[in-house]
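Below is target-v3.cif, which holds mmCIF, C-alpha atoms.
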```cif
data_input
loop_
_atom_site.label_atom_id
_atom_site.label_comp_id
_atom_site.auth_asym_id
_atom_site.auth_seq_id
_atom_site.Cartn_x
_atom_site.Cartn_y
_atom_site.Cartn_z
CA MET A 30 -5.97 -17.44 22.90
CA LYS A 31 -9.14 -16.07 24.50
CA TYR A 32 -7.08 -13.66 26.54
CA LYS A 33 -5.27 -12.38 23.44
CA ALA A 34 -8.50 -11.72 21.62
CA LEU A 35 -9.88 -9.88 24.62
CA THR A 36 -6.92 -7.52 24.97
CA ALA A 37 -7.03 -6.67 21.31
CA PHE A 38 -10.70 -5.88 21.60
CA ALA A 39 -10.13 -3.73 24.68
CA ALA A 40 -7.42 -1.77 22.87
CA LEU A 41 -9.73 -1.08 19.97
CA ALA A 42 -12.65 -0.13 22.17
CA ILE A 43 -10.55 2.45 24.01
CA SER A 44 -9.44 4.03 20.79
CA ALA A 45 -12.72 3.80 18.91
CA PRO A 46 -13.37 7.54 18.50
CA MET A 47 -9.91 8.00 16.99
CA VAL A 48 -10.03 5.00 14.70
CA PHE A 49 -13.22 6.07 13.02
CA ALA A 50 -12.25 9.70 12.59
CA GLY A 51 -11.57 9.43 8.84
CA GLY A 52 -13.70 8.00 6.08
CA ALA A 53 -14.78 8.80 2.56
CA ASP A 54 -16.45 12.15 1.98
CA ASP A 55 -19.94 12.63 0.55
CA ASP A 56 -19.02 14.94 -2.33
CA THR A 57 -20.21 14.21 -5.84
CA LEU A 58 -17.68 13.64 -8.58
CA SER A 59 -18.56 15.11 -11.92
CA ILE A 60 -16.08 15.76 -14.69
CA ASP A 61 -16.92 18.67 -16.99
CA GLY A 62 -20.47 18.34 -15.67
CA GLN A 63 -20.76 14.60 -16.34
CA GLU A 64 -21.58 12.76 -13.13
CA MET A 65 -19.43 9.72 -12.31
CA ILE A 66 -20.42 6.62 -10.39
CA SER A 67 -17.86 7.08 -7.64
CA LYS A 68 -19.66 5.03 -4.99
CA THR A 69 -21.82 2.03 -5.64
CA ALA A 70 -22.82 -1.37 -4.31
CA ALA A 71 -19.92 -3.82 -4.24
CA PRO A 72 -20.05 -6.54 -6.91
CA ALA A 73 -21.39 -9.90 -5.74
CA HIS A 74 -17.98 -11.56 -5.74
CA MET A 75 -16.87 -9.20 -2.97
CA ALA A 76 -19.44 -10.49 -0.47
CA GLU A 77 -16.76 -12.28 1.58
CA THR A 78 -14.72 -9.07 2.01
CA GLY A 79 -17.32 -7.38 4.20
CA ILE A 80 -17.20 -4.30 1.96
CA ASP A 81 -20.70 -3.41 0.78
CA THR A 82 -19.94 -0.10 -0.93
CA ILE A 83 -17.06 0.40 -3.30
CA MET A 84 -15.63 3.90 -3.62
CA SER A 85 -13.31 5.76 -5.88
CA GLY A 86 -10.03 6.94 -4.37
CA TRP A 87 -11.23 10.45 -5.26
CA HIS A 88 -13.41 10.53 -2.13
CA PHE A 89 -10.36 10.24 0.11
CA ARG A 90 -8.45 13.19 -1.32
CA GLU A 91 -8.30 16.84 -0.24
CA ASP A 92 -10.78 19.29 -1.77
CA ASP A 93 -8.21 21.06 -3.94
CA THR A 94 -6.90 17.79 -5.37
CA GLN A 95 -10.48 16.70 -6.00
CA ALA A 96 -11.28 19.94 -7.80
CA MET A 97 -8.42 19.48 -10.26
CA GLN A 98 -10.02 16.30 -11.53
CA MET A 99 -13.46 17.82 -12.02
CA ASP A 100 -12.48 20.10 -14.86
CA THR A 101 -10.55 18.89 -17.88
CA PHE A 102 -8.66 22.17 -18.15
CA ASP A 103 -7.42 21.93 -14.59
CA ASN A 104 -6.39 18.29 -14.89
CA PRO A 105 -2.64 18.17 -15.55
CA GLY A 106 -3.03 14.60 -16.82
CA MET A 107 -4.85 15.88 -19.89
CA ILE A 108 -1.58 17.20 -21.36
CA ALA A 109 -0.51 13.60 -21.87
CA VAL A 110 -3.83 12.90 -23.60
CA ASP A 111 -3.06 15.67 -26.12
CA GLN A 112 0.41 14.26 -26.70
CA ALA A 113 -1.01 10.79 -27.24
CA THR A 114 -3.50 12.20 -29.76
CA ASP A 115 -0.52 13.29 -31.84
CA ALA A 116 1.07 9.87 -31.46
CA TRP A 117 -2.23 8.26 -32.46
CA ASN A 118 -2.05 9.98 -35.83
CA THR A 119 1.68 9.49 -36.40
CA VAL A 120 2.84 6.81 -38.83
CA ASP A 121 5.47 4.57 -37.27
CA GLY A 122 7.05 1.20 -38.11
CA THR A 123 7.66 -0.94 -41.17
CA ALA A 124 3.95 -1.23 -42.08
CA GLU A 125 3.83 2.58 -42.39
CA LYS A 126 0.67 2.83 -40.40
CA SER A 127 -0.61 4.84 -37.45
CA CYS A 128 -3.26 3.83 -34.94
CA ALA A 129 -5.64 5.99 -36.96
CA SER A 130 -5.00 3.88 -40.10
CA CYS A 131 -6.93 1.00 -38.57
CA HIS A 132 -8.99 2.49 -35.73
CA GLU A 133 -9.93 5.90 -37.19
CA GLY A 134 -10.48 8.28 -34.28
CA PRO A 135 -9.65 7.29 -30.69
CA GLU A 136 -13.39 7.49 -29.90
CA SER A 137 -13.74 4.20 -31.80
CA LEU A 138 -12.18 2.59 -28.69
CA ALA A 139 -14.94 3.83 -26.35
CA GLY A 140 -15.73 1.07 -23.86
CA VAL A 141 -12.37 -0.64 -24.19
CA ARG A 142 -10.78 0.66 -20.97
CA ALA A 143 -13.76 -0.56 -18.93
CA VAL A 144 -13.23 -4.22 -19.80
CA TYR A 145 -9.43 -4.50 -19.53
CA PRO A 146 -7.52 -6.62 -18.56
CA LYS A 147 -9.28 -8.89 -21.03
CA TRP A 148 -8.71 -12.45 -22.22
CA ASN A 149 -7.46 -12.60 -25.82
CA ALA A 150 -8.66 -15.91 -27.20
CA ASP A 151 -6.48 -15.90 -30.33
CA ALA A 152 -3.30 -15.32 -28.41
CA GLY A 153 -4.46 -17.38 -25.44
CA GLU A 154 -3.34 -14.70 -22.99
CA MET A 155 -4.70 -12.23 -20.48
CA ARG A 156 -3.98 -8.77 -21.88
CA THR A 157 -3.70 -5.49 -20.07
CA LEU A 158 -4.37 -2.35 -22.10
CA ALA A 159 -0.62 -1.73 -22.26
CA MET A 160 -0.02 -5.22 -23.63
CA GLN A 161 -2.71 -4.69 -26.27
CA ILE A 162 -1.24 -1.35 -27.33
CA ASN A 163 2.16 -2.94 -27.71
CA ASN A 164 0.68 -5.86 -29.58
CA CYS A 165 -0.74 -3.46 -32.16
CA ARG A 166 2.58 -1.64 -32.35
CA THR A 167 4.72 -4.71 -32.91
CA GLU A 168 2.31 -7.01 -34.82
CA GLN A 169 0.18 -4.52 -36.76
CA MET A 170 2.56 -1.62 -37.30
CA GLY A 171 5.97 -3.26 -37.27
CA ALA A 172 6.95 -0.58 -34.77
CA GLU A 173 8.96 -0.89 -31.59
CA ALA A 174 7.09 -1.70 -28.41
CA TYR A 175 6.76 1.13 -25.92
CA LYS A 176 8.46 0.40 -22.61
CA TYR A 177 5.71 -0.92 -20.39
CA ASP A 178 5.46 2.03 -18.01
CA LYS A 179 7.16 4.85 -19.90
CA ALA A 180 5.54 8.17 -20.70
CA GLU A 181 4.43 7.29 -24.27
CA MET A 182 2.62 4.20 -23.05
CA THR A 183 0.98 5.84 -20.07
CA ALA A 184 -0.16 8.72 -22.28
CA MET A 185 -1.66 6.33 -24.86
CA GLU A 186 -3.47 4.51 -22.05
CA ALA A 187 -4.79 7.85 -20.84
CA LEU A 188 -6.09 8.73 -24.32
CA ILE A 189 -7.88 5.39 -24.63
CA THR A 190 -9.16 5.66 -21.04
CA VAL A 191 -10.76 9.07 -21.62
CA GLN A 192 -12.92 7.54 -24.37
CA SER A 193 -14.63 5.38 -21.72
CA ARG A 194 -15.00 8.06 -19.07
CA GLY A 195 -18.14 7.56 -17.02
CA MET A 196 -18.73 3.99 -18.20
CA PRO A 197 -18.80 1.40 -15.41
CA VAL A 198 -15.80 -0.87 -15.06
CA ASP A 199 -16.87 -4.35 -16.10
CA VAL A 200 -13.98 -6.80 -16.29
CA ALA A 201 -14.82 -10.48 -16.76
CA ILE A 202 -13.65 -12.87 -14.05
CA ASP A 203 -15.22 -16.08 -15.31
CA GLY A 204 -14.19 -18.53 -18.02
CA PRO A 205 -10.50 -18.27 -18.88
CA ALA A 206 -10.18 -15.20 -16.61
CA ALA A 207 -11.00 -17.23 -13.49
CA GLU A 208 -7.49 -18.54 -12.94
CA TYR A 209 -6.04 -15.01 -13.19
CA TYR A 210 -8.67 -13.74 -10.77
CA GLU A 211 -7.70 -16.44 -8.25
CA LYS A 212 -4.00 -15.76 -8.63
CA GLY A 213 -4.52 -12.01 -8.26
CA LYS A 214 -6.65 -12.56 -5.21
CA GLU A 215 -3.97 -14.68 -3.59
CA ILE A 216 -1.44 -11.89 -4.13
CA TYR A 217 -3.91 -9.33 -2.72
CA TYR A 218 -4.11 -11.20 0.58
CA THR A 219 -0.43 -12.14 0.89
CA ARG A 220 1.43 -10.35 3.67
CA TYR A 221 4.64 -9.33 1.93
CA GLY A 222 7.96 -8.07 3.17
CA GLN A 223 9.52 -7.37 6.49
CA LEU A 224 6.45 -5.36 7.52
CA GLU A 225 4.21 -8.33 6.67
CA LEU A 226 1.40 -6.28 5.16
CA SER A 227 -1.02 -7.27 2.41
CA CYS A 228 -3.01 -5.03 0.09
CA ALA A 229 -6.05 -6.02 2.14
CA ASN A 230 -4.45 -4.95 5.44
CA CYS A 231 -4.33 -1.38 4.18
CA HIS A 232 -7.09 -1.09 1.58
CA GLU A 233 -9.73 -3.46 2.99
CA ASP A 234 -9.15 -3.41 6.77
CA ASN A 235 -8.12 0.23 7.08
CA TYR A 236 -9.59 2.34 4.29
CA GLY A 237 -10.81 5.62 5.71
CA ASN A 238 -8.02 5.67 8.30
CA TYR A 239 -4.98 7.87 8.10
CA ILE A 240 -1.59 6.20 7.82
CA ARG A 241 0.66 9.12 8.60
CA ALA A 242 -0.22 11.88 6.09
CA ASP A 243 -2.02 9.53 3.71
CA HIS A 244 -5.74 8.92 3.88
CA LEU A 245 -6.14 5.25 2.98
CA SER A 246 -8.58 4.55 0.14
CA GLN A 247 -9.88 1.21 -1.08
CA GLY A 248 -7.00 1.09 -3.57
CA GLN A 249 -9.32 1.10 -6.57
CA ILE A 250 -7.86 1.42 -10.07
CA ASN A 251 -10.84 2.91 -11.93
CA GLY A 252 -8.99 6.24 -11.96
CA PHE A 253 -5.81 4.98 -13.64
CA PRO A 254 -3.59 6.19 -15.06
CA THR A 255 -3.50 8.77 -12.28
CA TYR A 256 -1.72 12.09 -12.42
CA ARG A 257 0.25 12.24 -9.18
CA LEU A 258 1.10 15.72 -8.03
CA LYS A 259 4.02 14.25 -6.07
CA ASN A 260 5.57 12.78 -9.24
CA ALA A 261 4.33 15.56 -11.55
CA GLY A 262 3.36 12.88 -14.04
CA LEU A 263 1.05 10.03 -14.92
CA VAL A 264 1.43 6.84 -12.92
CA GLN A 265 0.38 3.48 -14.21
CA THR A 266 -1.40 0.78 -12.24
CA HIS A 267 1.67 -1.45 -12.05
CA ASN A 268 3.83 1.43 -10.79
CA ARG A 269 1.38 1.97 -7.99
CA PHE A 270 1.38 -1.73 -7.11
CA ARG A 271 5.16 -1.69 -7.10
CA GLY A 272 5.30 1.33 -4.80
CA CYS A 273 2.81 -0.17 -2.35
CA ILE A 274 4.71 -3.48 -2.17
CA ARG A 275 8.05 -1.70 -1.87
CA ASP A 276 6.67 0.17 1.14
CA THR A 277 6.22 -3.11 2.99
CA ARG A 278 10.02 -3.62 2.76
CA ALA A 279 9.46 -6.35 0.20
CA GLU A 280 10.91 -7.41 -3.11
CA THR A 281 8.40 -6.17 -5.67
CA TYR A 282 7.29 -7.79 -8.91
CA ALA A 283 8.21 -6.13 -12.20
CA VAL A 284 5.79 -3.94 -14.17
CA GLY A 285 4.15 -6.10 -16.83
CA SER A 286 4.94 -9.31 -14.92
CA PRO A 287 2.39 -12.14 -14.91
CA GLU A 288 1.85 -11.52 -11.19
CA PHE A 289 0.91 -7.88 -11.75
CA VAL A 290 -1.30 -8.73 -14.73
CA ALA A 291 -3.25 -11.11 -12.49
CA LEU A 292 -3.30 -8.60 -9.63
CA GLU A 293 -4.55 -5.90 -12.01
CA LEU A 294 -7.42 -8.10 -13.14
CA TYR A 295 -8.34 -8.89 -9.54
CA VAL A 296 -8.14 -5.27 -8.32
CA ALA A 297 -10.04 -4.05 -11.40
CA SER A 298 -12.81 -6.56 -10.62
CA ARG A 299 -13.17 -5.08 -7.13
CA GLY A 300 -14.12 -1.88 -8.92
CA ASN A 301 -16.72 -3.40 -11.25
CA GLY A 302 -19.52 -0.83 -11.26
CA LEU A 303 -17.42 2.30 -10.62
CA SER A 304 -16.99 4.73 -13.50
CA VAL A 305 -13.81 4.82 -15.51
CA GLU A 306 -12.48 8.21 -14.43
CA GLY A 307 -8.90 8.32 -15.64
CA PRO A 308 -6.70 10.15 -15.84
CA SER A 309 -7.54 11.02 -12.25
CA VAL A 310 -5.59 13.39 -10.02
CA ARG A 311 -4.03 12.22 -6.75
CA GLN A 312 -1.56 13.76 -4.34
CA MET B 16 39.91 0.87 47.45
CA LYS B 17 36.48 -0.60 47.96
CA LEU B 18 34.97 2.01 45.68
CA THR B 19 37.32 1.16 42.80
CA GLY B 20 36.47 -2.50 43.14
CA ILE B 21 32.78 -1.79 42.82
CA SER B 22 33.04 0.45 39.79
CA ALA B 23 35.33 -2.02 38.06
CA ALA B 24 32.72 -4.71 38.60
CA VAL B 25 30.02 -2.43 37.20
CA VAL B 26 32.08 -1.73 34.10
CA ILE B 27 32.71 -5.41 33.46
CA PHE B 28 29.04 -6.22 33.93
CA ALA B 29 27.92 -3.47 31.56
CA THR B 30 30.35 -4.48 28.82
CA ALA B 31 29.33 -8.09 29.03
CA ALA B 32 25.68 -7.09 28.72
CA ILE B 33 26.25 -4.90 25.65
CA ALA B 34 28.33 -7.55 23.93
CA ASN B 35 25.51 -10.05 24.35
CA PRO B 36 22.18 -8.70 23.23
CA ILE B 37 19.52 -11.37 22.79
CA THR B 38 19.30 -12.02 19.03
CA PRO B 39 15.89 -12.00 17.29
CA GLY B 40 16.03 -15.79 17.00
CA GLU B 41 16.64 -16.24 20.73
CA VAL B 42 13.81 -14.07 22.05
CA GLN B 43 11.54 -15.85 24.54
CA PHE B 44 7.92 -14.69 24.57
CA ASP B 45 5.70 -15.80 27.44
CA GLU B 46 2.22 -17.19 26.76
CA TYR B 47 0.73 -13.67 26.53
CA GLY B 48 3.44 -12.41 24.19
CA ALA B 49 5.52 -10.51 26.79
CA ILE B 50 9.33 -10.56 27.05
CA GLN B 51 10.73 -10.56 30.59
CA ALA B 52 14.32 -9.35 30.28
CA SER B 53 15.86 -6.35 28.51
CA LEU B 54 16.84 -7.38 24.98
CA SER B 55 20.09 -5.41 25.13
CA GLY B 56 20.83 -6.11 28.79
CA SER B 57 20.72 -2.36 29.46
CA ASP B 58 18.09 0.19 30.40
CA GLY B 59 16.43 2.23 27.69
CA ASP B 60 16.77 5.96 27.05
CA ALA B 61 13.34 7.56 26.78
CA ALA B 62 14.53 10.61 24.80
CA SER B 63 16.09 8.38 22.18
CA GLY B 64 12.90 6.27 22.16
CA ALA B 65 10.81 9.34 21.31
CA LYS B 66 13.05 10.04 18.30
CA ILE B 67 12.84 6.44 17.08
CA MET B 68 9.05 6.54 17.25
CA THR B 69 8.82 9.52 14.93
CA SER B 70 11.57 8.79 12.40
CA ARG B 71 10.46 7.19 9.18
CA GLY B 72 13.46 4.91 8.72
CA LYS B 73 13.15 3.57 12.29
CA GLY B 74 10.00 2.81 14.26
CA ASN B 75 7.73 5.28 12.47
CA CYS B 76 5.19 4.31 15.11
CA VAL B 77 3.29 7.58 14.61
CA ALA B 78 2.44 6.40 11.07
CA CYS B 79 -0.19 4.26 12.77
CA HIS B 80 -0.53 5.57 16.36
CA ALA B 81 -1.43 8.97 17.74
CA VAL B 82 0.73 10.03 20.72
CA THR B 83 -0.01 13.46 22.18
CA ALA B 84 3.49 13.74 23.67
CA LEU B 85 4.96 13.45 20.18
CA ASN B 86 2.78 16.13 18.59
CA ASP B 87 5.87 18.01 17.36
CA ALA B 88 6.08 15.41 14.62
CA PRO B 89 3.13 15.97 12.26
CA PHE B 90 0.56 13.59 10.81
CA HIS B 91 -0.10 10.84 13.31
CA GLY B 92 -1.95 7.84 11.93
CA GLU B 93 -5.10 6.11 13.14
CA VAL B 94 -4.52 2.52 12.04
CA GLY B 95 -3.58 1.57 15.63
CA PRO B 96 -4.97 2.81 18.98
CA THR B 97 -3.63 5.97 20.60
CA LEU B 98 -0.72 5.24 22.94
CA ASP B 99 -1.60 8.03 25.39
CA GLY B 100 -1.61 6.62 28.92
CA ILE B 101 -0.30 3.24 27.74
CA ALA B 102 1.94 2.85 30.83
CA ASP B 103 -1.19 2.82 33.02
CA TYR B 104 -2.27 -0.55 31.70
CA ARG B 105 0.78 -2.15 30.04
CA SER B 106 3.96 -3.30 31.78
CA ALA B 107 7.46 -2.84 30.32
CA GLU B 108 7.54 -6.60 29.69
CA GLU B 109 4.32 -6.49 27.69
CA LEU B 110 5.41 -3.44 25.72
CA ARG B 111 8.75 -5.07 24.87
CA GLY B 112 6.89 -8.10 23.54
CA ILE B 113 4.41 -6.02 21.55
CA ILE B 114 7.17 -4.02 19.86
CA ALA B 115 9.40 -7.04 19.19
CA ASN B 116 6.54 -9.00 17.62
CA ALA B 117 3.01 -7.72 18.14
CA LYS B 118 1.57 -10.86 16.58
CA MET B 119 2.54 -12.79 19.71
CA THR B 120 0.10 -10.59 21.68
CA PHE B 121 -2.48 -9.70 19.03
CA GLU B 122 -2.94 -12.57 16.64
CA GLY B 123 -2.83 -11.50 12.99
CA SER B 124 -2.12 -7.88 13.92
CA VAL B 125 -1.26 -5.44 11.14
CA MET B 126 1.43 -4.02 13.44
CA PRO B 127 4.85 -5.04 12.05
CA ALA B 128 7.33 -7.03 14.13
CA PHE B 129 10.32 -4.82 14.88
CA TYR B 130 12.66 -7.56 16.17
CA LYS B 131 12.34 -10.39 13.74
CA THR B 132 14.57 -11.51 10.86
CA SER B 133 13.05 -14.66 9.41
CA GLY B 134 9.85 -16.12 8.07
CA PHE B 135 8.99 -13.29 5.66
CA ILE B 136 7.52 -13.57 2.16
CA ARG B 137 9.73 -11.82 -0.45
CA PRO B 138 11.66 -9.72 2.07
CA GLY B 139 13.26 -6.65 0.52
CA ASP B 140 16.51 -4.78 0.92
CA GLY B 141 15.09 -1.94 3.01
CA TYR B 142 12.69 0.19 0.96
CA THR B 143 14.47 -0.30 -2.37
CA GLY B 144 12.00 -2.84 -3.76
CA LYS B 145 14.91 -5.19 -4.42
CA GLY B 146 15.15 -8.59 -2.81
CA ALA B 147 17.27 -9.47 0.21
CA LYS B 148 18.51 -12.82 1.42
CA GLU B 149 17.07 -13.85 4.73
CA GLU B 150 20.54 -14.23 6.28
CA ASP B 151 21.31 -10.60 5.45
CA LEU B 152 18.22 -9.20 7.17
CA THR B 153 18.60 -7.08 10.27
CA PRO B 154 15.67 -6.33 12.56
CA ILE B 155 13.97 -2.98 11.90
CA LEU B 156 15.02 -1.83 15.38
CA THR B 157 18.09 -2.93 17.35
CA ALA B 158 17.79 -4.46 20.82
CA GLN B 159 18.77 -1.16 22.40
CA GLU B 160 16.38 0.84 20.23
CA ILE B 161 13.52 -1.36 21.43
CA GLU B 162 14.56 -0.76 25.03
CA ASP B 163 14.62 2.98 24.30
CA VAL B 164 11.07 2.87 22.90
CA VAL B 165 9.89 0.84 25.91
CA ALA B 166 11.45 3.46 28.20
CA PHE B 167 9.62 6.24 26.36
CA LEU B 168 6.28 4.41 26.42
CA MET B 169 6.67 3.89 30.18
CA THR B 170 6.60 7.70 30.54
CA LEU B 171 3.11 7.85 28.96
CA LYS B 172 0.99 7.95 32.10
CA GLY B 173 -2.61 9.15 32.07
CA SER B 174 -4.07 12.30 33.59
#
```
Would you mind giving the structure from this file in structure tokens?
Amino acid sequence: MKYKALTAFAALAISAPMVFAGGADDDTLSIDGQEMISKTAAPAHMAETGIDTIMSGWHFREDDTQAMQMDTFDNPGMIAVDQATDAWNTVDGTAEKSCASCHEGPESLAGVRAVYPKWNADAGEMRTLAMQINNCRTEQMGAEAYKYDKAEMTAMEALITVQSRGMPVDVAIDGPAAEYYEKGKEIYYTRYGQLELSCANCHEDNYGNYIRADHLSQGQINGFPTYRLKNAGLVQTHNRFRGCIRDTRAETYAVGSPEFVALELYVASRGNGLSVEGPSVRQ
Amino acid sequence: MKLTGISAAVVIFATAAIANPITPGEVQFDEYGAIQASLSGSDGDAASGAKIMTSRGKGNCVACHAVTALNDAPFHGEVGPTLDGIADYRSAEELRGIIANAKMTFEGSVMPAFYKTSGFIRPGDGYTGKGAKEEDLTPILTAQEIEDVVAFLMTLKGS
């Protein structure tokens, strides 16, 4: 046992200069001139993680990718926001209503993105933003639910997200949320798949390091939905979770599954204090 | 006459060895995590080992380790230590053990086990995201591929 620990330490000591070559940059993120909180003190519940500063994934990207997010006109994710604005005003379903019929302009939902996933007391369930949007579609409008991670949904999330841009993420983890927080946390530290890697192995133990061409971030979700240049489209939180788990040669959970709802709440809570900055731009 | 007898014996020996690689379940690690005998029963091929280390579907070792000798393949990672000069301080037996299951040498290591087929949580069918039954799992690298990687690593001597 002692011997094992010693060899591991020796290996790390030898490679120290290499291991610490990466890291977050010191640039300042502002979007259309509005400064974002992209680095801040970790929330109290993260004390046991050893992370004292939480950082947006933006700090780990290349300069040109970063620049695209700093100006609304350069951000390809904003096209979806325009499309969702049309959808917002379009009557759909048996109740012959649009989102605008009840909520007026989308700006009436300012602050909403920052506190989701959120416990819905009437329904007795933890709701992600996507679940809430679909609830309004099916229960209030008599319209068909959007598929959980399809373009219409991701665009509507982006529209609602933009209304909260700059506001600090502030999801509740106490009261009825506590059990979801615990479940999400357990998933975060589980070493899945044939590669036996947990979210924490990559995003807590190794953020700042390169894993092949990717610069590992803290895996924060304050920038979601993200426009991924690789996919040429918006990517939802649960799609990202699925991709990361798939890459451990594991069986993933489904988008919208109870496991991913809990994981989303937990990961969101690790970003409490960072600005909502979606739709962000990533490679 | 004598010569024929010898080569016949060599052929028989080699065939027997190839037909009987040590399966992942049978591997014996010593108390430091090393594996004494070749997993395939044969020597490794260093050139093949270099290819395995850089190909994504195989070892993809450079995802986490920098290796100057493999600089033709771009984007080496920094999650693990550089493997330059590794043969100066690690034996073939130790390297075989580390590749087969690094957790036997470094407790809790993030380095995946490349010769292991059981004890996983929600193992998948390759990188499809779909589930796989444990009995259908194959190790990420074959016995011979591990020997090839060991052979390549043994060429990494320091300045």
Using all atoms listed in the file, I'd like a table of the residues in chain B that come within 9 Å of chain A; for each, show the closest atom pair and its distance in Å rounded to one decimal, ordered by chain and ascending number, as JSON lines.
```
{"residue": "B:Tyr47", "atom": "CA", "partner": "A:Lys33", "partner_atom": "CA", "distance": 6.9}
{"residue": "B:Gly48", "atom": "CA", "partner": "A:Lys33", "partner_atom": "CA", "distance": 8.7}
{"residue": "B:Asn75", "atom": "CA", "partner": "A:Arg241", "partner_atom": "CA", "distance": 8.9}
{"residue": "B:Val77", "atom": "CA", "partner": "A:Arg241", "partner_atom": "CA", "distance": 6.7}
{"residue": "B:Ala78", "atom": "CA", "partner": "A:Arg241", "partner_atom": "CA", "distance": 4.1}
{"residue": "B:Cys79", "atom": "CA", "partner": "A:Ile240", "partner_atom": "CA", "distance": 5.5}
{"residue": "B:His80", "atom": "CA", "partner": "A:Arg241", "partner_atom": "CA", "distance": 8.6}
{"residue": "B:Ala81", "atom": "CA", "partner": "A:Met47", "partner_atom": "CA", "distance": 8.6}
{"residue": "B:Pro89", "atom": "CA", "partner": "A:Ala242", "partner_atom": "CA", "distance": 8.1}
{"residue": "B:Phe90", "atom": "CA", "partner": "A:Arg241", "partner_atom": "CA", "distance": 5.0}
{"residue": "B:His91", "atom": "CA", "partner": "A:Arg241", "partner_atom": "CA", "distance": 5.1}
{"residue": "B:Gly92", "atom": "CA", "partner": "A:Arg241", "partner_atom": "CA", "distance": 4.4}
{"residue": "B:Glu93", "atom": "CA", "partner": "A:Val48", "partner_atom": "CA", "distance": 5.3}
{"residue": "B:Val94", "atom": "CA", "partner": "A:Asn238", "partner_atom": "CA", "distance": 6.0}
{"residue": "B:Gly95", "atom": "CA", "partner": "A:Val48", "partner_atom": "CA", "distance": 7.4}
{"residue": "B:Pro96", "atom": "CA", "partner": "A:Ser44", "partner_atom": "CA", "distance": 5.0}
{"residue": "B:Thr97", "atom": "CA", "partner": "A:Ser44", "partner_atom": "CA", "distance": 6.1}
{"residue": "B:Met119", "atom": "CA", "partner": "A:Lys33", "partner_atom": "CA", "distance": 8.7}
{"residue": "B:Thr120", "atom": "CA", "partner": "A:Lys33", "partner_atom": "CA", "distance": 5.9}
{"residue": "B:Phe121", "atom": "CA", "partner": "A:Lys33", "partner_atom": "CA", "distance": 5.9}
{"residue": "B:Glu122", "atom": "CA", "partner": "A:Lys33", "partner_atom": "CA", "distance": 7.2}
{"residue": "B:Ser124", "atom": "CA", "partner": "A:Ala37", "partner_atom": "CA", "distance": 9.0}
{"residue": "B:Val125", "atom": "CA", "partner": "A:Asn230", "partner_atom": "CA", "distance": 6.6}
{"residue": "B:Met126", "atom": "CA", "partner": "A:Leu224", "partner_atom": "CA", "distance": 7.9}
{"residue": "B:Pro127", "atom": "CA", "partner": "A:Leu224", "partner_atom": "CA", "distance": 4.8}
{"residue": "B:Ala128", "atom": "CA", "partner": "A:Leu224", "partner_atom": "CA", "distance": 6.9}
{"residue": "B:Phe129", "atom": "CA", "partner": "A:Leu224", "partner_atom": "CA", "distance": 8.3}
{"residue": "B:Lys131", "atom": "CA", "partner": "A:Gln223", "partner_atom": "CA", "distance": 8.3}
{"residue": "B:Thr132", "atom": "CA", "partner": "A:Gln223", "partner_atom": "CA", "distance": 7.9}
{"residue": "B:Ser133", "atom": "CA", "partner": "A:Gln223", "partner_atom": "CA", "distance": 8.6}
{"residue": "B:Gly134", "atom": "CA", "partner": "A:Gln223", "partner_atom": "CA", "distance": 8.9}
{"residue": "B:Phe135", "atom": "CA", "partner": "A:Gly222", "partner_atom": "CA", "distance": 5.9}
{"residue": "B:Ile136", "atom": "CA", "partner": "A:Tyr221", "partner_atom": "CA", "distance": 5.1}
{"residue": "B:Arg137", "atom": "CA", "partner": "A:Glu280", "partner_atom": "CA", "distance": 5.3}
{"residue": "B:Pro138", "atom": "CA", "partner": "A:Gly222", "partner_atom": "CA", "distance": 4.2}
{"residue": "B:Gly139", "atom": "CA", "partner": "A:Ala279", "partner_atom": "CA", "distance": 3.8}
{"residue": "B:Asp140", "atom": "CA", "partner": "A:Arg278", "partner_atom": "CA", "distance": 6.8}
{"residue": "B:Gly141", "atom": "CA", "partner": "A:Arg278", "partner_atom": "CA", "distance": 5.3}
{"residue": "B:Tyr142", "atom": "CA", "partner": "A:Arg278", "partner_atom": "CA", "distance": 5.0}
{"residue": "B:Thr143", "atom": "CA", "partner": "A:Arg275", "partner_atom": "CA", "distance": 6.6}
{"residue": "B:Gly144", "atom": "CA", "partner": "A:Arg275", "partner_atom": "CA", "distance": 4.5}
{"residue": "B:Lys145", "atom": "CA", "partner": "A:Glu280", "partner_atom": "CA", "distance": 4.8}
{"residue": "B:Gly146", "atom": "CA", "partner": "A:Glu280", "partner_atom": "CA", "distance": 4.4}
{"residue": "B:Ala147", "atom": "CA", "partner": "A:Glu280", "partner_atom": "CA", "distance": 7.5}
{"residue": "B:Leu152", "atom": "CA", "partner": "A:Gln223", "partner_atom": "CA", "distance": 8.9}
{"residue": "B:Pro154", "atom": "CA", "partner": "A:Gln223", "partner_atom": "CA", "distance": 8.7}
{"residue": "B:Ile155", "atom": "CA", "partner": "A:Gln223", "partner_atom": "CA", "distance": 8.3}
```
* Structure fact -> The distance between atom CA of A:Arg257 and atom CA of A:Asp93 is 13.3 Å
* Using all atoms listed in the file, pick whichever of B:Ile113, B:Ala102, B:Ala61, B:Cys76 has the shortest atom-to-atom distance to B:Asp163. =>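 Residue with the minimum atom-to-atom distance to B:Asp163: B:Ala61.
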* **stretch 66-68 of chain A environment, 12 Å, only C-alpha atoms, sequence neighbours closer than 4 positions dropped, as JSON, numbers by chain** => {"A": [53, 54, 55, 56, 57, 58, 59, 60, 72, 80, 81, 82, 83, 84, 85, 86, 87, 88, 89, 194, 195, 196, 197, 198, 247, 249, 250, 251, 252, 300, 301, 302, 303, 304, 305, 306, 309]}
